[in-house]
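Pasted below: run_14.cif, mmCIF, C-alpha atoms and all ligand atoms.
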data_start
#
loop_
_atom_site.group_PDB
_atom_site.id
_atom_site.type_symbol
_atom_site.label_atom_id
_atom_site.label_comp_id
_atom_site.auth_asym_id
_atom_site.auth_seq_id
_atom_site.Cartn_x
_atom_site.Cartn_y
_atom_site.Cartn_z
ATOM 1 C CA MET A 1 52.753 16.689 -17.616
ATOM 2 C CA LYS A 2 51.767 14.484 -20.541
ATOM 3 C CA LYS A 3 49.435 11.532 -20.014
ATOM 4 C CA GLY A 4 49.411 10.113 -16.468
ATOM 5 C CA LYS A 5 51.290 6.851 -16.005
ATOM 6 C CA MET A 6 51.174 4.052 -13.480
ATOM 7 C CA ILE A 7 53.870 1.955 -11.883
ATOM 8 C CA ILE A 8 52.733 -1.323 -10.417
ATOM 9 C CA LEU A 9 54.900 -2.981 -7.770
ATOM 10 C CA SER A 10 53.909 -6.500 -6.874
ATOM 11 C CA GLY A 11 55.496 -9.444 -5.139
ATOM 12 C CA PRO A 12 55.096 -11.529 -2.033
ATOM 13 C CA SER A 13 54.535 -9.978 1.354
ATOM 14 C CA GLY A 14 58.063 -9.644 2.821
ATOM 15 C CA SER A 15 59.797 -9.341 -0.570
ATOM 16 C CA GLY A 16 60.816 -5.775 0.192
ATOM 17 C CA LYS A 17 58.313 -4.115 -2.129
ATOM 18 C CA THR A 18 57.057 -1.664 0.507
ATOM 19 C CA THR A 19 60.629 -0.493 1.241
ATOM 20 C CA ILE A 20 61.256 -0.132 -2.486
ATOM 21 C CA SER A 21 57.997 1.736 -2.931
ATOM 22 C CA HIS A 22 59.032 4.212 -0.160
ATOM 23 C CA CYS A 23 62.391 4.650 -1.862
ATOM 24 C CA LEU A 24 60.748 5.423 -5.227
ATOM 25 C CA LEU A 25 58.318 7.864 -3.648
ATOM 26 C CA SER A 26 61.138 9.824 -2.026
ATOM 27 C CA LYS A 27 63.235 9.786 -5.213
ATOM 28 C CA PHE A 28 60.496 10.879 -7.632
ATOM 29 C CA PRO A 29 58.305 13.777 -6.442
ATOM 30 C CA GLU A 30 56.066 13.262 -9.477
ATOM 31 C CA LEU A 31 54.996 9.876 -8.079
ATOM 32 C CA LYS A 32 52.054 9.492 -5.716
ATOM 33 C CA PHE A 33 51.146 6.374 -3.744
ATOM 34 C CA SER A 34 47.735 4.901 -4.470
ATOM 35 C CA VAL A 35 45.965 4.355 -1.159
ATOM 36 C CA SER A 36 43.974 1.120 -1.330
ATOM 37 C CA CYS A 37 40.878 0.061 0.538
ATOM 38 C CA THR A 38 41.101 -2.965 2.809
ATOM 39 C CA THR A 39 38.902 -4.838 5.242
ATOM 40 C CA ARG A 40 41.811 -6.067 7.362
ATOM 41 C CA SER A 41 42.268 -4.465 10.769
ATOM 42 C CA ILE A 42 44.524 -1.476 11.217
ATOM 43 C CA ARG A 43 48.041 -2.104 12.635
ATOM 44 C CA ASN A 44 49.674 0.006 15.371
ATOM 45 C CA ASN A 45 51.783 2.154 13.064
ATOM 46 C CA GLU A 46 49.183 2.687 10.332
ATOM 47 C CA ILE A 47 47.055 5.725 9.530
ATOM 48 C CA HIS A 48 43.639 5.645 7.899
ATOM 49 C CA GLY A 49 43.796 7.497 4.568
ATOM 50 C CA LYS A 50 47.589 7.285 4.375
ATOM 51 C CA ASP A 51 48.388 3.566 4.452
ATOM 52 C CA TYR A 52 44.922 2.318 3.581
ATOM 53 C CA TYR A 53 41.280 3.273 3.748
ATOM 54 C CA PHE A 54 40.158 0.796 6.390
ATOM 55 C CA LEU A 55 36.601 -0.299 5.606
ATOM 56 C CA SER A 56 34.087 -2.692 7.075
ATOM 57 C CA THR A 57 33.307 -5.699 4.889
ATOM 58 C CA SER A 58 29.788 -4.407 4.215
ATOM 59 C CA SER A 59 31.070 -1.023 3.093
ATOM 60 C CA PHE A 60 33.661 -2.727 0.837
ATOM 61 C CA ILE A 61 30.960 -4.924 -0.724
ATOM 62 C CA SER A 62 28.735 -1.926 -1.269
ATOM 63 C CA LYS A 63 31.555 -0.252 -3.237
ATOM 64 C CA ILE A 64 31.971 -3.436 -5.329
ATOM 65 C CA LYS A 65 28.273 -3.354 -6.157
ATOM 66 C CA LYS A 66 28.498 0.292 -7.169
ATOM 67 C CA TYR A 67 31.437 -0.519 -9.507
ATOM 68 C CA GLN A 68 33.677 1.903 -7.629
ATOM 69 C CA PHE A 69 36.773 -0.330 -7.796
ATOM 70 C CA ALA A 70 39.211 -0.426 -10.721
ATOM 71 C CA GLU A 71 40.274 -3.793 -9.272
ATOM 72 C CA TRP A 72 39.759 -5.717 -6.070
ATOM 73 C CA GLU A 73 40.860 -9.106 -4.726
ATOM 74 C CA GLU A 74 40.233 -11.310 -1.738
ATOM 75 C CA VAL A 75 43.996 -11.370 -1.114
ATOM 76 C CA TYR A 76 43.726 -13.551 1.998
ATOM 77 C CA PRO A 77 40.645 -15.551 3.046
ATOM 78 C CA LYS A 78 37.880 -13.077 3.937
ATOM 79 C CA LEU A 79 40.251 -10.089 3.611
ATOM 80 C CA PHE A 80 39.503 -7.783 0.704
ATOM 81 C CA TYR A 81 41.817 -5.242 -0.883
ATOM 82 C CA GLY A 82 40.987 -2.909 -3.747
ATOM 83 C CA THR A 83 41.873 0.204 -5.726
ATOM 84 C CA LEU A 84 39.165 2.814 -6.134
ATOM 85 C CA LYS A 85 38.720 4.225 -9.647
ATOM 86 C CA ASN A 86 38.457 7.599 -7.976
ATOM 87 C CA GLU A 87 41.930 7.222 -6.405
ATOM 88 C CA ILE A 88 43.443 6.763 -9.883
ATOM 89 C CA PHE A 89 41.631 9.741 -11.410
ATOM 90 C CA LYS A 90 42.373 11.949 -8.388
ATOM 91 C CA ILE A 91 46.137 11.367 -8.712
ATOM 92 C CA TRP A 92 46.221 11.867 -12.464
ATOM 93 C CA LYS A 93 44.152 15.028 -12.064
ATOM 94 C CA SER A 94 46.824 16.358 -9.696
ATOM 95 C CA ASN A 95 49.355 15.845 -12.539
ATOM 96 C CA GLN A 96 51.186 13.013 -10.840
ATOM 97 C CA HIS A 97 51.990 9.450 -11.830
ATOM 98 C CA ILE A 98 50.684 6.619 -9.656
ATOM 99 C CA LEU A 99 52.623 4.055 -7.665
ATOM 100 C CA PHE A 100 50.745 0.902 -6.666
ATOM 101 C CA ASP A 101 51.828 -1.645 -4.081
ATOM 102 C CA ILE A 102 49.298 -4.375 -4.788
ATOM 103 C CA ASP A 103 49.027 -8.137 -5.107
ATOM 104 C CA VAL A 104 49.944 -9.887 -8.369
ATOM 105 C CA LYS A 105 46.425 -10.509 -9.626
ATOM 106 C CA GLY A 106 45.388 -6.898 -8.967
ATOM 107 C CA GLY A 107 48.599 -5.685 -10.589
ATOM 108 C CA LEU A 108 48.061 -7.745 -13.735
ATOM 109 C CA ASN A 109 44.438 -6.641 -13.837
ATOM 110 C CA LEU A 110 45.483 -2.966 -13.897
ATOM 111 C CA LYS A 111 48.127 -3.724 -16.534
ATOM 112 C CA ARG A 112 45.398 -5.238 -18.729
ATOM 113 C CA GLN A 113 43.236 -2.133 -18.313
ATOM 114 C CA TYR A 114 46.069 0.344 -18.919
ATOM 115 C CA PRO A 115 48.486 -1.466 -21.255
ATOM 116 C CA ASN A 116 49.942 1.677 -22.834
ATOM 117 C CA ASN A 117 50.766 3.735 -19.788
ATOM 118 C CA SER A 118 51.666 1.158 -17.139
ATOM 119 C CA LEU A 119 54.933 -0.365 -15.977
ATOM 120 C CA SER A 120 54.786 -3.530 -13.894
ATOM 121 C CA ILE A 121 57.622 -4.698 -11.656
ATOM 122 C CA PHE A 122 57.682 -7.950 -9.711
ATOM 123 C CA ILE A 123 59.895 -8.046 -6.623
ATOM 124 C CA MET A 124 61.042 -11.585 -5.951
ATOM 125 C CA VAL A 125 62.890 -13.275 -3.106
ATOM 126 C CA ASP A 126 65.068 -16.242 -3.875
ATOM 127 C CA SER A 127 64.191 -18.330 -0.851
ATOM 128 C CA VAL A 128 61.102 -19.073 1.180
ATOM 129 C CA ASN A 129 63.285 -19.281 4.295
ATOM 130 C CA ILE A 130 64.405 -15.664 3.882
ATOM 131 C CA LEU A 131 60.801 -14.644 3.412
ATOM 132 C CA LYS A 132 59.783 -16.527 6.547
ATOM 133 C CA LYS A 133 62.472 -14.777 8.604
ATOM 134 C CA ARG A 134 61.387 -11.355 7.332
ATOM 135 C CA LEU A 135 57.727 -12.051 7.998
ATOM 136 C CA ILE A 136 58.434 -13.299 11.523
ATOM 137 C CA ALA A 137 60.497 -10.168 12.221
ATOM 138 C CA ARG A 138 57.803 -7.919 10.831
ATOM 139 C CA TYR A 139 54.688 -9.501 12.210
ATOM 140 C CA TYR A 140 55.631 -10.851 15.588
ATOM 141 C CA LYS A 141 53.888 -7.976 17.312
ATOM 142 C CA ASN A 142 50.777 -7.827 15.143
ATOM 143 C CA GLU A 143 50.121 -11.197 13.641
ATOM 144 C CA ASN A 144 50.163 -14.818 14.730
ATOM 145 C CA ASN A 145 51.795 -17.890 13.165
ATOM 146 C CA ASN A 146 48.727 -18.681 11.156
ATOM 147 C CA ASP A 147 48.824 -15.257 9.466
ATOM 148 C CA ILE A 148 52.495 -15.767 8.643
ATOM 149 C CA ASN A 149 51.803 -19.208 7.136
ATOM 150 C CA ILE A 150 48.941 -17.831 5.045
ATOM 151 C CA ARG A 151 51.337 -15.193 3.652
ATOM 152 C CA LEU A 152 54.064 -17.785 2.972
ATOM 153 C CA ASN A 153 51.714 -20.074 1.064
ATOM 154 C CA ARG A 154 50.508 -17.153 -0.958
ATOM 155 C CA ALA A 155 54.113 -16.099 -1.698
ATOM 156 C CA LYS A 156 54.833 -19.484 -3.290
ATOM 157 C CA GLU A 157 51.729 -19.094 -5.468
ATOM 158 C CA GLU A 158 52.546 -15.473 -6.380
ATOM 159 C CA ASN A 159 56.048 -16.331 -7.674
ATOM 160 C CA ASN A 160 54.382 -18.257 -10.536
ATOM 161 C CA TYR A 161 53.049 -14.990 -11.950
ATOM 162 C CA ALA A 162 56.427 -13.240 -12.113
ATOM 163 C CA LYS A 163 56.947 -13.936 -15.821
ATOM 164 C CA LEU A 164 53.854 -11.897 -16.710
ATOM 165 C CA PHE A 165 55.424 -8.664 -15.409
ATOM 166 C CA ASP A 166 57.485 -6.195 -17.465
ATOM 167 C CA PHE A 167 60.443 -6.530 -15.067
ATOM 168 C CA VAL A 168 61.398 -8.997 -12.345
ATOM 169 C CA LEU A 169 63.818 -7.813 -9.664
ATOM 170 C CA LEU A 170 65.380 -10.501 -7.519
ATOM 171 C CA ASN A 171 65.818 -8.792 -4.176
ATOM 172 C CA ILE A 172 69.024 -10.225 -2.703
ATOM 173 C CA ASP A 173 70.786 -6.959 -1.887
ATOM 174 C CA LEU A 174 68.277 -4.234 -1.055
ATOM 175 C CA TYR A 175 70.617 -1.389 -2.071
ATOM 176 C CA GLN A 176 71.157 -2.909 -5.536
ATOM 177 C CA THR A 177 67.470 -3.650 -5.962
ATOM 178 C CA LYS A 178 66.565 -0.055 -5.110
ATOM 179 C CA LYS A 179 69.142 1.179 -7.625
ATOM 180 C CA LYS A 180 67.722 -1.025 -10.381
ATOM 181 C CA ALA A 181 64.153 0.003 -9.545
ATOM 182 C CA ILE A 182 65.106 3.703 -9.706
ATOM 183 C CA LYS A 183 66.695 3.211 -13.138
ATOM 184 C CA ILE A 184 63.700 1.321 -14.562
ATOM 185 C CA VAL A 185 61.204 3.861 -13.211
ATOM 186 C CA SER A 186 63.298 6.809 -14.369
ATOM 187 C CA ASN A 187 63.450 5.399 -17.940
ATOM 188 C CA PHE A 188 59.706 4.866 -17.900
ATOM 189 C CA ILE A 189 58.680 8.234 -16.446
ATOM 190 C CA TYR A 190 61.029 10.281 -18.599
ATOM 191 C CA ASP A 191 60.470 8.166 -21.751
ATOM 192 C CA LYS A 192 64.143 7.254 -22.120
HETATM 193 P P1 LIG A 201 49.164 -6.148 3.863
HETATM 194 O O1 LIG A 201 47.951 -6.701 4.560
HETATM 195 O O2 LIG A 201 50.424 -6.860 4.240
HETATM 196 O O3 LIG A 201 49.240 -4.647 3.960
HETATM 197 O O4 LIG A 201 48.961 -6.398 2.303
HETATM 198 C C1 LIG A 201 48.680 -7.655 1.829
HETATM 199 C C2 LIG A 201 48.756 -7.711 0.333
HETATM 200 O O5 LIG A 201 47.703 -6.967 -0.273
HETATM 201 C C3 LIG A 201 50.051 -7.098 -0.226
HETATM 202 O O6 LIG A 201 50.552 -7.997 -1.206
HETATM 203 C C4 LIG A 201 49.575 -5.835 -0.876
HETATM 204 O O7 LIG A 201 50.420 -5.469 -1.942
HETATM 205 C C5 LIG A 201 48.196 -6.229 -1.351
HETATM 206 N N1 LIG A 201 47.335 -5.078 -1.651
HETATM 207 C C6 LIG A 201 47.345 -3.875 -1.049
HETATM 208 N N2 LIG A 201 46.444 -3.062 -1.608
HETATM 209 C C7 LIG A 201 45.866 -3.757 -2.617
HETATM 210 C C8 LIG A 201 44.864 -3.429 -3.594
HETATM 211 O O8 LIG A 201 44.311 -2.333 -3.673
HETATM 212 N N3 LIG A 201 44.516 -4.404 -4.458
HETATM 213 C C9 LIG A 201 45.084 -5.633 -4.447
HETATM 214 N N4 LIG A 201 44.687 -6.502 -5.377
HETATM 215 N N5 LIG A 201 46.036 -5.968 -3.551
HETATM 216 C C10 LIG A 201 46.424 -5.039 -2.638
#

Here is a file; write its structure as structure tokens.
Ligand code: 5GP
Amino acid sequence: MKKGKMIILSGPSGSGKTTISHCLLSKFPELKFSVSCTTRSIRNNEIHGKDYYFLSTSSFISKIKKYQFAEWEEVYPKLFYGTLKNEIFKIWKSNQHILFDIDVKGGLNLKRQYPNNSLSIFIMVDSVNILKKRLIARYYKNENNNDINIRLNRAKEENNYAKLFDFVLLNIDLYQTKKKAIKIVSNFIYDK
């Protein structure tokens, strides 16, 4: 493989970016998901080391102080998320390209650091009501109304950053959005 590349998927929680990221991972064996660190609590269906590295706040802060993160953000109040430099190097060392599912500020931060070998895609939803429905369906077991409202407010803010991404995909029809994402990623990976 030539130089390692990175694909950054960002967009509001509930936009469909996780589903699209799973689709890309199954379509392209040369892609590997970057496992982030987070201080939020683990959900029922999640696995430490696969979905996230779940850390205590003190351990997260210690890694910030040791400059171990390529980027980190307080995505929601008092909840930290970050990408370890080591995670990036580990994946490139294994001759794979990296797929990130991270928030917009983290995504743009990585794009700034790796302008020549990154592709950034923003997944957008056209209506806050659709987003609300998806979040309620997803979180009703794990999270309360306040968590959903925090995510909705953030979604409105995140949409303002869309224009800074290489591509914006408006996710109305999931099948079509997946198809477009596959085409964009394929062109990027194979230098078409
Ligand atoms: P959730 O708590 O729903 O898993 O994720 C919340 C938000 O944090 C999502 O928008 C997700 O993309 C983002 N996120 C996940 N990992 C990282 C990371 O390493 N860095 C940043 N900046 N955001 C992340």

Would you write out, as a PyMOL selection string, every residue that the PyMOL selection byres (((chain A and resi 109) around 12) and not hetatm) captures in this file? chain A and resi 8+10+69-73+82-83+102-108+110-115+118+120+164-165

Please report the interatomic distance between CA of Leu152 in chain A and CA of Ser13 in chain A in Å with one decimal. 8.0 Å

Centre, edges in Å (one decimal): axis-aligned box, range 89-97 of chain A, 5 Å padding on all six sides, as lines of an AutoDock Vina configuration file:
center_x = 46.8
center_y = 12.9
center_z = -10.5
size_x = 20.4
size_y = 16.9
size_z = 14.2

Straight-line distance linking atom C8 of ligand LIG 201 (chain A) with CA of Gly16 in chain A, stated in Å to one decimal: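 Separation of atom C8 of ligand LIG 201 (chain A) and CA of Gly16 in chain A: 16.6 Å.
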
How far is it from atom C10 of ligand LIG 201 (chain A) to CA of Leu135 in chain A, in Å with one decimal?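 We find that atom C10 of ligand LIG 201 (chain A) and CA of Leu135 in chain A lie 17.0 Å from each other.
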
Could you give me, as a VMD selection string, the residues within 9 Å of Tyr52 in chain A, counting only C-alpha atoms and dropping anything in the same chain fewer than 5 positions from it? chain A and resid 34 to 38 42 46 to 47

Closest of A:Ala181, A:Leu25, A:Leu55, A:Val75 to ligand LIG 201 (chain A) - atom-to-atom distances counting all atoms listed in the file: A:Val75
